[in-house]
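K.L.:
The structure that follows is given in the form of structure tokens.
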Amino acid sequence: MSETTIGSNTEIQSSSRPNMSGGNKPLHVVLFFTVLIGALGFAAFSILRDMHSVGEGALATGTFVMLGIALIIALAFEFVNGFHDTANAVATVIYTRSLPPLVAVIWSGFWNFLGVAFSTGAVAYSIVTLLPVELILQAGSGAGYAMIFALLIAAIVWNLVTWAFGIPNSSSHALVGSIMGVGLANQLMSPTGAATQGVDWGQVEKVFSALLFSPVIGFLMAGALLLVMKFLIRNKALYQAPKGDTPPPLWIRSLLIFTCTGVSFSHGGNDGQKGMGLIMLILIGAAPTAYALNRAMPESAMPAFFQSSAEAEKIFLSHTPTPSTTLTAENAREIVGAGLRAKSITTPQTYDALAVLSNDISTSVKTYGSMKAVPAAAVPNVRTDMYLVADAIRVMGEAKDFTPSEKNALKTFQSELYHGTRFIPLWVKISVAIALGLGTMVGWKRIVVTVGEKIGKTHMTYAEGASAELVAMTTIGLAERYGLPVSTTHILSSGVAGTMAANGSGIQVATLRSMALAWVTTLPAAMAIAGILYVLFRQIF
């Protein structure tokens, strides 16, 4: 009986499906490819301009080709992310007849664009910190390119597989799994006894906490919000399914368009960043003079930078019983790097090395007067010192060795170091925003049909759609603010399921089972694909 009910219900839903044909007219195709080619040209022009502005010479042919391929793959990931994940944002407005499908997709793509353009960059570097230290610091090496290619291609492949079956799946989940696969493969390939890092499990735990709890929050909060709405807002029209193709009342339609806009903007601000950090690694490896340091850091910020560096050096030395007088910056880098790989930073030897690096950073920048004046030959060492010290302070966390005032001083220095190394040029944001926005306008139908028809047993009501998107919009926006990568797919899909359960509309267990299976298999599948690709690419590069 259950199967018959679901089957007949699905048939009714399909018969009342919004008209999602159209959108592939010649003019649309021409506009699409015009914007795509324009975006690629804009990226190429921006790279050449940035390199020229700092006096960096022309790239070797091989490096230029590798840079181009890596950037195309990174933007392809964001493109696939767009049509895979953003379909969730438009499903509610399409199935409630609030917006025609083509209008909804273009509208969502535009707000995804703005979300990326105004993002903070915090999520971008949360993803980067999952990578092995030595690969981050050697992004321009063969191993660095193998890492970038393997993890991005693996995430793209898995996204395409789940999209082909119409299964809402998390691009964030796939990317994290790919990073873990590369990290483990890197560790397994290292010679016996070599100091190398596989996976930063502390960062993985932090990221997976967000990925794990966000769908639970989506399910519970969306269901609770629907019940609150039913108690406070007694207008029956809000709790009805659309009748034919008739749009909902204006106030309900405005609410649904607002929530779609919010989810699209939040998705751009969170998911759009996940490729940015990897693009920055590519740029740093290929053109370090232009991208390894934030040359837009103003000279007026230098006095505070020098002061915080001096305070940090003094703090580290105060925790070193017998500071070495012969420790060089090169040896200090090796000590701190080994400590980061072993997650053992709070030792007198490491503090001594961190003091040396803090002094080396300050001395190097003072010698040239500002960050933008650091010459090409000095850039790699300055960036490496800044990265190692900032990451060491992060790993220390709440170490008991320091007083509250010392912790605040170190956090201030860490922020200064981040300001000098963790930056994203505007053209990178715009390129990613265009890729994500264009992706939103392609291939969205499969996921939209799943969210709109195959999660609940009855047609989505206006209140169900609004509740799910309000929760998704808020959760994703907060996550972006705190630098936590979360999944739009998981939050919104679970939110729709939560509203269906709370409303007594019934849930199609088969669909949720498929989504849960995809959630469980994404991690090992992405890890396996990325690990195998990394091993293969290391034989080539």
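Letters A, B, ... go to the chains of the structure tokens in the order shown; residues in each chain start at 1; ligands are counted from 1 in the same order.
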At a cut-off of 12 Å, using only C-alpha atoms, what residues contact Leu48 (chain A)? Leave out same-chain residues fewer than 2 positions from it and give the result as a list of chain:residue names.
P.N.:
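In the requested format, the answer is A:Gly41, A:Phe42, A:Ala43, A:Ala44, A:Phe45, A:Ser46, A:Asp50, A:Met51, A:His52, A:Ser53, A:Val54, A:Gly55, A:Glu56, A:Gly57, A:Ala58, A:Leu59, A:Phe64, A:Leu283, A:Ala287, A:Ala290, A:Tyr291, A:Trp427.
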K.L.:
I'd like a table as CSV: residues in region 402-489 of chain A with an atom no more than 10 Å from region 107-120 of chain A, each row giving the shortest atom pair and its distance in Å to one decimal, only C-alpha atoms counted, sorted by chain and rising residue number.
P.N.:
```
residue,atom,partner,partner_atom,distance
A:Phe423,CA,A:Thr120,CA,9.3
A:Ile424,CA,A:Thr120,CA,9.0
A:Leu426,CA,A:Ala117,CA,7.6
A:Trp427,CA,A:Ala117,CA,9.2
A:Val428,CA,A:Ala117,CA,9.1
A:Lys429,CA,A:Ala117,CA,5.3
A:Ile430,CA,A:Ala117,CA,6.0
A:Ser431,CA,A:Ala117,CA,9.3
A:Val432,CA,A:Val116,CA,7.3
A:Ala433,CA,A:Phe113,CA,4.4
A:Ile434,CA,A:Phe113,CA,6.2
A:Ala435,CA,A:Phe113,CA,8.6
A:Leu436,CA,A:Asn112,CA,6.9
A:Gly437,CA,A:Gly109,CA,4.1
A:Leu438,CA,A:Gly109,CA,6.7
A:Gly439,CA,A:Gly109,CA,7.9
A:Thr440,CA,A:Gly109,CA,5.4
A:Met441,CA,A:Gly109,CA,6.7
A:Gly477,CA,A:Gly115,CA,9.9
A:Glu480,CA,A:Thr120,CA,7.9
A:Arg481,CA,A:Thr120,CA,7.6
A:Tyr482,CA,A:Thr120,CA,9.8
A:Gly483,CA,A:Thr120,CA,8.5
```
K.L.:
Which residue is closest to Pro247 (chain A)? Choose from A:Ile94, A:Met527, A:Ala468, A:Val157 and count only C-alpha atoms.
P.N.:
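Distance minimum relative to Pro247 (chain A) lands on A:Ile94.
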K.L.:
List as JSON, numbers by chain the protein and nucleic acid residues near Val228 (chain A), meaning an atom at most 12 Å away when only C-alpha atoms are counted, but skip any in the same chain fewer than 2 places from it.
P.N.:
{"A": [221, 222, 223, 224, 225, 226, 230, 231, 232, 233, 234, 463, 464, 467, 499, 502, 503]}
K.L.:
Which is closer to Ala479 (chain A) than all the others in A:Gly269, A:Gly244, A:Gly506, A:Pro321, using only C-alpha atoms?
P.N.:
A:Gly269
K.L.:
Give me the residues within 8 Å of Ile153 (chain A) as a ChimeraX atom specification, counting only C-alpha atoms and dropping any in the same chain fewer than 3 places off.
P.N.:
/A:73,77,149-150,156-157,530
K.L.:
Keeping all heavy atoms for every residue in the selection just given, could you write it to a file as a short mmCIF file (atom, residue, chain, number, x, y, z; two decimals), in the first residue's frame?
P.N.:
```
data_model
loop_
_atom_site.label_atom_id
_atom_site.label_comp_id
_atom_site.auth_asym_id
_atom_site.auth_seq_id
_atom_site.Cartn_x
_atom_site.Cartn_y
_atom_site.Cartn_z
N ILE A 73 40.56 24.42 -14.11
CA ILE A 73 40.00 23.34 -13.30
C ILE A 73 39.34 23.91 -12.03
O ILE A 73 38.25 23.48 -11.63
CB ILE A 73 41.08 22.31 -12.92
CG1 ILE A 73 41.58 21.58 -14.17
CG2 ILE A 73 40.54 21.29 -11.92
CD1 ILE A 73 42.74 20.65 -13.92
N PHE A 77 35.36 23.70 -11.03
CA PHE A 77 34.79 23.21 -9.77
C PHE A 77 33.68 24.15 -9.30
O PHE A 77 32.61 23.70 -8.88
CB PHE A 77 35.87 23.09 -8.70
CG PHE A 77 35.33 22.87 -7.32
CD1 PHE A 77 34.82 21.63 -6.95
CD2 PHE A 77 35.28 23.91 -6.40
CE1 PHE A 77 34.29 21.43 -5.67
CE2 PHE A 77 34.75 23.73 -5.14
CZ PHE A 77 34.26 22.48 -4.77
N PHE A 149 45.37 19.57 -8.87
CA PHE A 149 44.65 18.85 -9.92
C PHE A 149 43.84 17.70 -9.34
O PHE A 149 42.68 17.48 -9.68
CB PHE A 149 45.63 18.32 -10.97
CG PHE A 149 46.25 19.38 -11.83
CD1 PHE A 149 47.27 19.06 -12.71
CD2 PHE A 149 45.84 20.69 -11.77
CE1 PHE A 149 47.85 20.03 -13.52
CE2 PHE A 149 46.41 21.67 -12.56
CZ PHE A 149 47.42 21.34 -13.44
N ALA A 150 44.48 16.91 -8.46
CA ALA A 150 43.83 15.70 -7.94
C ALA A 150 42.60 16.03 -7.12
O ALA A 150 41.53 15.46 -7.32
CB ALA A 150 44.83 14.90 -7.10
N ILE A 156 35.03 17.38 -8.60
CA ILE A 156 34.18 17.60 -9.79
C ILE A 156 33.55 16.29 -10.23
O ILE A 156 32.34 16.22 -10.52
CB ILE A 156 35.01 18.22 -10.94
CG1 ILE A 156 35.39 19.66 -10.60
CG2 ILE A 156 34.22 18.18 -12.25
CD1 ILE A 156 36.39 20.26 -11.58
N VAL A 157 34.35 15.22 -10.30
CA VAL A 157 33.85 13.92 -10.74
C VAL A 157 32.72 13.44 -9.85
O VAL A 157 31.66 13.01 -10.33
CB VAL A 157 34.99 12.88 -10.77
CG1 VAL A 157 34.43 11.47 -10.93
CG2 VAL A 157 35.96 13.18 -11.91
N ALA A 530 40.63 11.07 -5.26
CA ALA A 530 41.70 12.07 -5.14
C ALA A 530 43.05 11.40 -4.86
O ALA A 530 44.08 11.80 -5.42
CB ALA A 530 41.37 13.05 -4.02
#
```
K.L.:
Which of these residues is nearest to Thr320 (chain A), using only C-alpha atoms: A:Ala392, A:Pro425, A:Asp401, A:Leu256?
P.N.:
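Using only C-alpha atoms, the shortest distance to Thr320 (chain A) belongs to A:Asp401.
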K.L.:
Residues of region 189-396 of chain A in helix (DSSP H, G or I) according to DSSP, as a ChimeraX atom specification?
P.N.:
/A:189,201-232,236-239,250-271,276-286,288-291,299-318,329-342,348-368,371-373,379-396
K.L.:
Of the candidates A:Met276, A:Ala501, A:Val382, A:Ala312, which one gets nearest to Leu75 (chain A) if we count only C-alpha atoms?
P.N.:
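Residue with the minimum atom-to-atom distance to Leu75 (chain A): A:Met276.
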K.L.:
Find the residues around Ile284 (chain A) up to 10 Å (only C-alpha atoms counted), leave out those fewer than 5 positions away in its own chain, and share them as a ChimeraX atom specification.
P.N.:
/A:136-140,278-279,289-293,380,383
K.L.:
Using only C-alpha atoms, which protein or nucleic acid residues come within 12 Å of Val182 (chain A)? Drop anything in the same chain fewer than 5 positions from it, and give the result as a PyMOL selection string.
P.N.:
chain A and resi 130-132+135+143-155+175-177+187-189+197-200+526-538
K.L.:
Could you please take those selected residues and save C-alpha atoms as a PDB file, in the first residue's frame?
P.N.:
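Output file part.pdb is given in full below:
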```pdb
ATOM      1  CA  LEU A 130      43.325  21.168   5.857  1.00  0.00           C
ATOM      2  CA  LEU A 131      46.200  20.643   3.421  1.00  0.00           C
ATOM      3  CA  PRO A 132      49.627  19.289   4.389  1.00  0.00           C
ATOM      4  CA  LEU A 135      52.350  21.133   0.008  1.00  0.00           C
ATOM      5  CA  ALA A 143      53.713  17.945  -5.929  1.00  0.00           C
ATOM      6  CA  GLY A 144      51.756  21.181  -5.494  1.00  0.00           C
ATOM      7  CA  TYR A 145      50.212  20.996  -8.954  1.00  0.00           C
ATOM      8  CA  ALA A 146      49.487  17.288  -8.485  1.00  0.00           C
ATOM      9  CA  MET A 147      47.671  18.180  -5.261  1.00  0.00           C
ATOM     10  CA  ILE A 148      45.551  20.910  -6.849  1.00  0.00           C
ATOM     11  CA  PHE A 149      44.649  18.852  -9.920  1.00  0.00           C
ATOM     12  CA  ALA A 150      43.833  15.704  -7.942  1.00  0.00           C
ATOM     13  CA  LEU A 151      41.590  17.219  -5.298  1.00  0.00           C
ATOM     14  CA  LEU A 152      39.645  19.505  -7.654  1.00  0.00           C
ATOM     15  CA  ILE A 153      39.119  16.866 -10.357  1.00  0.00           C
ATOM     16  CA  ALA A 154      38.013  14.312  -7.729  1.00  0.00           C
ATOM     17  CA  ALA A 155      35.453  16.754  -6.282  1.00  0.00           C
ATOM     18  CA  LEU A 175      36.119  18.803  -1.495  1.00  0.00           C
ATOM     19  CA  VAL A 176      37.035  17.968   2.112  1.00  0.00           C
ATOM     20  CA  GLY A 177      37.120  14.260   1.234  1.00  0.00           C
ATOM     21  CA  GLN A 187      51.950  10.629   3.523  1.00  0.00           C
ATOM     22  CA  LEU A 188      51.970   7.113   2.070  1.00  0.00           C
ATOM     23  CA  MET A 189      54.237   8.153  -0.813  1.00  0.00           C
ATOM     24  CA  GLN A 197      52.089  15.535   7.190  1.00  0.00           C
ATOM     25  CA  GLY A 198      49.072  13.602   5.972  1.00  0.00           C
ATOM     26  CA  VAL A 199      45.850  15.142   7.256  1.00  0.00           C
ATOM     27  CA  ASP A 200      45.345  17.876   9.826  1.00  0.00           C
ATOM     28  CA  ALA A 526      36.219  11.421  -2.903  1.00  0.00           C
ATOM     29  CA  MET A 527      39.208  10.300  -0.829  1.00  0.00           C
ATOM     30  CA  ALA A 528      39.794   7.285  -3.066  1.00  0.00           C
ATOM     31  CA  ILE A 529      39.459   9.226  -6.338  1.00  0.00           C
ATOM     32  CA  ALA A 530      41.701  12.068  -5.135  1.00  0.00           C
ATOM     33  CA  GLY A 531      44.301   9.710  -3.672  1.00  0.00           C
ATOM     34  CA  ILE A 532      44.566   7.669  -6.867  1.00  0.00           C
ATOM     35  CA  LEU A 533      44.753  10.804  -9.027  1.00  0.00           C
ATOM     36  CA  TYR A 534      47.436  12.309  -6.784  1.00  0.00           C
ATOM     37  CA  VAL A 535      49.601   9.185  -7.103  1.00  0.00           C
ATOM     38  CA  LEU A 536      49.156   9.222 -10.900  1.00  0.00           C
ATOM     39  CA  PHE A 537      49.889  12.945 -11.227  1.00  0.00           C
ATOM     40  CA  ARG A 538      53.016  12.644  -9.080  1.00  0.00           C
TER      41      ARG A 538
END
```
K.L.:
Give me the residues within 10 Å of Leu417 (chain A) as a PDB file with all heavy atoms, in the first residue's frame, counting only C-alpha atoms and dropping any in the same chain fewer than 3 places off.
P.N.:
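This went into part_8.pdb:
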```
ATOM      1  N   LEU A 293      52.514  37.811  -1.061  1.00  0.00           N
ATOM      2  CA  LEU A 293      52.301  38.799  -0.008  1.00  0.00           C
ATOM      3  C   LEU A 293      51.245  39.803  -0.445  1.00  0.00           C
ATOM      4  O   LEU A 293      51.100  40.083  -1.637  1.00  0.00           O
ATOM      5  CB  LEU A 293      53.612  39.540   0.305  1.00  0.00           C
ATOM      6  CG  LEU A 293      54.781  38.697   0.820  1.00  0.00           C
ATOM      7  CD1 LEU A 293      56.020  39.578   0.994  1.00  0.00           C
ATOM      8  CD2 LEU A 293      54.427  38.013   2.131  1.00  0.00           C
ATOM      9  N   ASN A 294      50.542  40.327   0.540  1.00  0.00           N
ATOM     10  CA  ASN A 294      49.502  41.318   0.259  1.00  0.00           C
ATOM     11  C   ASN A 294      50.148  42.678   0.031  1.00  0.00           C
ATOM     12  O   ASN A 294      50.381  43.447   0.968  1.00  0.00           O
ATOM     13  CB  ASN A 294      48.508  41.386   1.418  1.00  0.00           C
ATOM     14  CG  ASN A 294      47.370  42.341   1.134  1.00  0.00           C
ATOM     15  OD1 ASN A 294      47.253  42.885   0.029  1.00  0.00           O
ATOM     16  ND2 ASN A 294      46.519  42.560   2.117  1.00  0.00           N
ATOM     17  N   PHE A 305      52.280  46.624  12.675  1.00  0.00           N
ATOM     18  CA  PHE A 305      52.822  45.314  12.312  1.00  0.00           C
ATOM     19  C   PHE A 305      54.160  45.078  13.014  1.00  0.00           C
ATOM     20  O   PHE A 305      54.398  44.017  13.608  1.00  0.00           O
ATOM     21  CB  PHE A 305      52.998  45.243  10.795  1.00  0.00           C
ATOM     22  CG  PHE A 305      53.551  43.937  10.293  1.00  0.00           C
ATOM     23  CD1 PHE A 305      52.725  42.852  10.089  1.00  0.00           C
ATOM     24  CD2 PHE A 305      54.902  43.798  10.030  1.00  0.00           C
ATOM     25  CE1 PHE A 305      53.230  41.646   9.623  1.00  0.00           C
ATOM     26  CE2 PHE A 305      55.422  42.597   9.570  1.00  0.00           C
ATOM     27  CZ  PHE A 305      54.584  41.516   9.364  1.00  0.00           C
ATOM     28  N   SER A 308      53.610  44.597  16.906  1.00  0.00           N
ATOM     29  CA  SER A 308      53.076  43.290  17.288  1.00  0.00           C
ATOM     30  C   SER A 308      54.111  42.192  17.074  1.00  0.00           C
ATOM     31  O   SER A 308      54.177  41.224  17.840  1.00  0.00           O
ATOM     32  CB  SER A 308      51.803  42.978  16.487  1.00  0.00           C
ATOM     33  OG  SER A 308      52.070  42.898  15.100  1.00  0.00           O
ATOM     34  N   SER A 309      54.972  42.357  16.053  1.00  0.00           N
ATOM     35  CA  SER A 309      56.033  41.384  15.810  1.00  0.00           C
ATOM     36  C   SER A 309      57.039  41.396  16.961  1.00  0.00           C
ATOM     37  O   SER A 309      57.467  40.328  17.446  1.00  0.00           O
ATOM     38  CB  SER A 309      56.749  41.713  14.496  1.00  0.00           C
ATOM     39  OG  SER A 309      57.842  40.848  14.282  1.00  0.00           O
ATOM     40  N   ILE A 361      60.879  38.174  10.227  1.00  0.00           N
ATOM     41  CA  ILE A 361      59.784  38.818   9.491  1.00  0.00           C
ATOM     42  C   ILE A 361      59.884  40.332   9.618  1.00  0.00           C
ATOM     43  O   ILE A 361      59.853  41.075   8.629  1.00  0.00           O
ATOM     44  CB  ILE A 361      58.414  38.332  10.025  1.00  0.00           C
ATOM     45  CG1 ILE A 361      58.198  36.855   9.714  1.00  0.00           C
ATOM     46  CG2 ILE A 361      57.286  39.171   9.424  1.00  0.00           C
ATOM     47  CD1 ILE A 361      57.033  36.242  10.466  1.00  0.00           C
ATOM     48  N   ARG A 383      57.174  35.075   3.161  1.00  0.00           N
ATOM     49  CA  ARG A 383      55.859  34.423   3.230  1.00  0.00           C
ATOM     50  C   ARG A 383      55.918  33.148   4.047  1.00  0.00           C
ATOM     51  O   ARG A 383      55.020  32.861   4.845  1.00  0.00           O
ATOM     52  CB  ARG A 383      55.339  34.110   1.843  1.00  0.00           C
ATOM     53  CG  ARG A 383      53.969  33.404   1.914  1.00  0.00           C
ATOM     54  CD  ARG A 383      53.442  32.960   0.580  1.00  0.00           C
ATOM     55  NE  ARG A 383      52.162  32.307   0.766  1.00  0.00           N
ATOM     56  CZ  ARG A 383      52.005  30.997   0.996  1.00  0.00           C
ATOM     57  NH1 ARG A 383      53.058  30.208   1.077  1.00  0.00           N
ATOM     58  NH2 ARG A 383      50.809  30.474   1.169  1.00  0.00           N
ATOM     59  N   ASP A 385      57.948  32.382   6.496  1.00  0.00           N
ATOM     60  CA  ASP A 385      58.039  32.754   7.911  1.00  0.00           C
ATOM     61  C   ASP A 385      56.669  33.175   8.447  1.00  0.00           C
ATOM     62  O   ASP A 385      56.257  32.761   9.539  1.00  0.00           O
ATOM     63  CB  ASP A 385      59.028  33.906   8.100  1.00  0.00           C
ATOM     64  CG  ASP A 385      60.473  33.481   7.858  1.00  0.00           C
ATOM     65  OD1 ASP A 385      60.713  32.272   7.715  1.00  0.00           O
ATOM     66  OD2 ASP A 385      61.342  34.367   7.787  1.00  0.00           O
ATOM     67  N   MET A 386      55.967  34.011   7.684  1.00  0.00           N
ATOM     68  CA  MET A 386      54.663  34.516   8.130  1.00  0.00           C
ATOM     69  C   MET A 386      53.654  33.389   8.245  1.00  0.00           C
ATOM     70  O   MET A 386      52.879  33.315   9.205  1.00  0.00           O
ATOM     71  CB  MET A 386      54.173  35.606   7.172  1.00  0.00           C
ATOM     72  CG  MET A 386      55.034  36.867   7.196  1.00  0.00           C
ATOM     73  SD  MET A 386      54.550  38.105   5.970  1.00  0.00           S
ATOM     74  CE  MET A 386      53.022  38.709   6.693  1.00  0.00           C
ATOM     75  N   TYR A 387      53.661  32.478   7.277  1.00  0.00           N
ATOM     76  CA  TYR A 387      52.720  31.363   7.313  1.00  0.00           C
ATOM     77  C   TYR A 387      53.000  30.453   8.496  1.00  0.00           C
ATOM     78  O   TYR A 387      52.080  30.048   9.231  1.00  0.00           O
ATOM     79  CB  TYR A 387      52.785  30.555   6.016  1.00  0.00           C
ATOM     80  CG  TYR A 387      51.823  29.378   6.039  1.00  0.00           C
ATOM     81  CD1 TYR A 387      50.497  29.540   5.654  1.00  0.00           C
ATOM     82  CD2 TYR A 387      52.229  28.125   6.494  1.00  0.00           C
ATOM     83  CE1 TYR A 387      49.608  28.482   5.717  1.00  0.00           C
ATOM     84  CE2 TYR A 387      51.353  27.066   6.554  1.00  0.00           C
ATOM     85  CZ  TYR A 387      50.041  27.248   6.163  1.00  0.00           C
ATOM     86  OH  TYR A 387      49.159  26.197   6.249  1.00  0.00           O
ATOM     87  N   LEU A 388      54.272  30.114   8.712  1.00  0.00           N
ATOM     88  CA  LEU A 388      54.627  29.190   9.788  1.00  0.00           C
ATOM     89  C   LEU A 388      54.282  29.759  11.156  1.00  0.00           C
ATOM     90  O   LEU A 388      53.719  29.056  12.015  1.00  0.00           O
ATOM     91  CB  LEU A 388      56.119  28.855   9.717  1.00  0.00           C
ATOM     92  CG  LEU A 388      56.563  27.967   8.543  1.00  0.00           C
ATOM     93  CD1 LEU A 388      58.080  27.849   8.512  1.00  0.00           C
ATOM     94  CD2 LEU A 388      55.930  26.581   8.641  1.00  0.00           C
ATOM     95  N   VAL A 389      54.592  31.035  11.382  1.00  0.00           N
ATOM     96  CA  VAL A 389      54.306  31.640  12.685  1.00  0.00           C
ATOM     97  C   VAL A 389      52.797  31.742  12.915  1.00  0.00           C
ATOM     98  O   VAL A 389      52.294  31.407  13.997  1.00  0.00           O
ATOM     99  CB  VAL A 389      54.964  33.031  12.802  1.00  0.00           C
ATOM    100  CG1 VAL A 389      54.545  33.706  14.105  1.00  0.00           C
ATOM    101  CG2 VAL A 389      56.481  32.905  12.743  1.00  0.00           C
ATOM    102  N   ALA A 390      52.060  32.180  11.901  1.00  0.00           N
ATOM    103  CA  ALA A 390      50.598  32.302  12.044  1.00  0.00           C
ATOM    104  C   ALA A 390      49.955  30.941  12.300  1.00  0.00           C
ATOM    105  O   ALA A 390      49.069  30.820  13.156  1.00  0.00           O
ATOM    106  CB  ALA A 390      50.003  32.936  10.788  1.00  0.00           C
ATOM    107  N   ASP A 391      50.404  29.921  11.579  1.00  0.00           N
ATOM    108  CA  ASP A 391      49.826  28.593  11.764  1.00  0.00           C
ATOM    109  C   ASP A 391      50.217  28.011  13.119  1.00  0.00           C
ATOM    110  O   ASP A 391      49.424  27.303  13.748  1.00  0.00           O
ATOM    111  CB  ASP A 391      50.279  27.661  10.640  1.00  0.00           C
ATOM    112  CG  ASP A 391      49.249  26.591  10.323  1.00  0.00           C
ATOM    113  OD1 ASP A 391      48.039  26.920  10.353  1.00  0.00           O
ATOM    114  OD2 ASP A 391      49.633  25.439  10.057  1.00  0.00           O
ATOM    115  N   LYS A 411      47.489  36.711  19.346  1.00  0.00           N
ATOM    116  CA  LYS A 411      46.353  36.747  18.414  1.00  0.00           C
ATOM    117  C   LYS A 411      46.411  37.988  17.530  1.00  0.00           C
ATOM    118  O   LYS A 411      46.080  37.951  16.346  1.00  0.00           O
ATOM    119  CB  LYS A 411      45.026  36.715  19.190  1.00  0.00           C
ATOM    120  CG  LYS A 411      44.679  35.354  19.766  1.00  0.00           C
ATOM    121  CD  LYS A 411      44.340  34.364  18.674  1.00  0.00           C
ATOM    122  CE  LYS A 411      43.916  33.019  19.237  1.00  0.00           C
ATOM    123  NZ  LYS A 411      43.670  32.020  18.167  1.00  0.00           N
ATOM    124  N   THR A 412      46.837  39.099  18.131  1.00  0.00           N
ATOM    125  CA  THR A 412      46.978  40.333  17.353  1.00  0.00           C
ATOM    126  C   THR A 412      48.036  40.155  16.268  1.00  0.00           C
ATOM    127  O   THR A 412      47.842  40.557  15.117  1.00  0.00           O
ATOM    128  CB  THR A 412      47.361  41.502  18.269  1.00  0.00           C
ATOM    129  OG1 THR A 412      46.335  41.700  19.242  1.00  0.00           O
ATOM    130  CG2 THR A 412      47.550  42.781  17.467  1.00  0.00           C
ATOM    131  N   PHE A 413      49.159  39.547  16.648  1.00  0.00           N
ATOM    132  CA  PHE A 413      50.222  39.299  15.668  1.00  0.00           C
ATOM    133  C   PHE A 413      49.731  38.346  14.580  1.00  0.00           C
ATOM    134  O   PHE A 413      50.026  38.545  13.390  1.00  0.00           O
ATOM    135  CB  PHE A 413      51.448  38.723  16.376  1.00  0.00           C
ATOM    136  CG  PHE A 413      52.648  38.566  15.484  1.00  0.00           C
ATOM    137  CD1 PHE A 413      52.979  39.541  14.551  1.00  0.00           C
ATOM    138  CD2 PHE A 413      53.469  37.447  15.582  1.00  0.00           C
ATOM    139  CE1 PHE A 413      54.096  39.406  13.724  1.00  0.00           C
ATOM    140  CE2 PHE A 413      54.584  37.299  14.770  1.00  0.00           C
ATOM    141  CZ  PHE A 413      54.890  38.275  13.834  1.00  0.00           C
ATOM    142  N   GLN A 414      48.978  37.340  14.968  1.00  0.00           N
ATOM    143  CA  GLN A 414      48.423  36.400  13.987  1.00  0.00           C
ATOM    144  C   GLN A 414      47.517  37.129  12.995  1.00  0.00           C
ATOM    145  O   GLN A 414      47.580  36.874  11.783  1.00  0.00           O
ATOM    146  CB  GLN A 414      47.629  35.304  14.693  1.00  0.00           C
ATOM    147  CG  GLN A 414      47.072  34.231  13.760  1.00  0.00           C
ATOM    148  CD  GLN A 414      46.124  33.279  14.477  1.00  0.00           C
ATOM    149  OE1 GLN A 414      45.306  33.703  15.297  1.00  0.00           O
ATOM    150  NE2 GLN A 414      46.250  31.998  14.187  1.00  0.00           N
ATOM    151  N   GLY A 420      48.689  40.075   5.975  1.00  0.00           N
ATOM    152  CA  GLY A 420      49.763  40.124   4.998  1.00  0.00           C
ATOM    153  C   GLY A 420      49.807  38.949   4.041  1.00  0.00           C
ATOM    154  O   GLY A 420      50.437  39.031   2.982  1.00  0.00           O
ATOM    155  N   THR A 421      49.148  37.843   4.393  1.00  0.00           N
ATOM    156  CA  THR A 421      49.221  36.643   3.543  1.00  0.00           C
ATOM    157  C   THR A 421      47.859  36.125   3.100  1.00  0.00           C
ATOM    158  O   THR A 421      47.745  35.514   2.036  1.00  0.00           O
ATOM    159  CB  THR A 421      49.950  35.503   4.280  1.00  0.00           C
ATOM    160  OG1 THR A 421      49.294  35.244   5.537  1.00  0.00           O
ATOM    161  CG2 THR A 421      51.404  35.874   4.540  1.00  0.00           C
ATOM    162  N   ARG A 422      46.835  36.324   3.903  1.00  0.00           N
ATOM    163  CA  ARG A 422      45.509  35.810   3.562  1.00  0.00           C
ATOM    164  C   ARG A 422      44.685  36.912   2.898  1.00  0.00           C
ATOM    165  O   ARG A 422      43.922  37.620   3.550  1.00  0.00           O
ATOM    166  CB  ARG A 422      44.782  35.295   4.804  1.00  0.00           C
ATOM    167  CG  ARG A 422      45.380  34.023   5.376  1.00  0.00           C
ATOM    168  CD  ARG A 422      44.478  33.471   6.461  1.00  0.00           C
ATOM    169  NE  ARG A 422      44.893  32.144   6.888  1.00  0.00           N
ATOM    170  CZ  ARG A 422      44.169  31.351   7.677  1.00  0.00           C
ATOM    171  NH1 ARG A 422      42.996  31.785   8.140  1.00  0.00           N
ATOM    172  NH2 ARG A 422      44.608  30.154   8.012  1.00  0.00           N
TER     173      ARG A 422
END
```
K.L.:
Looking at only C-alpha atoms, which of A:Ser172, A:Ala70, A:Leu40, A:Thr246 is the one that sits closest to Ser126 (chain A)?
P.N.:
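Comparing A:Ser172, A:Ala70, A:Leu40, A:Thr246 against Ser126 (chain A), the winner is A:Ser172.
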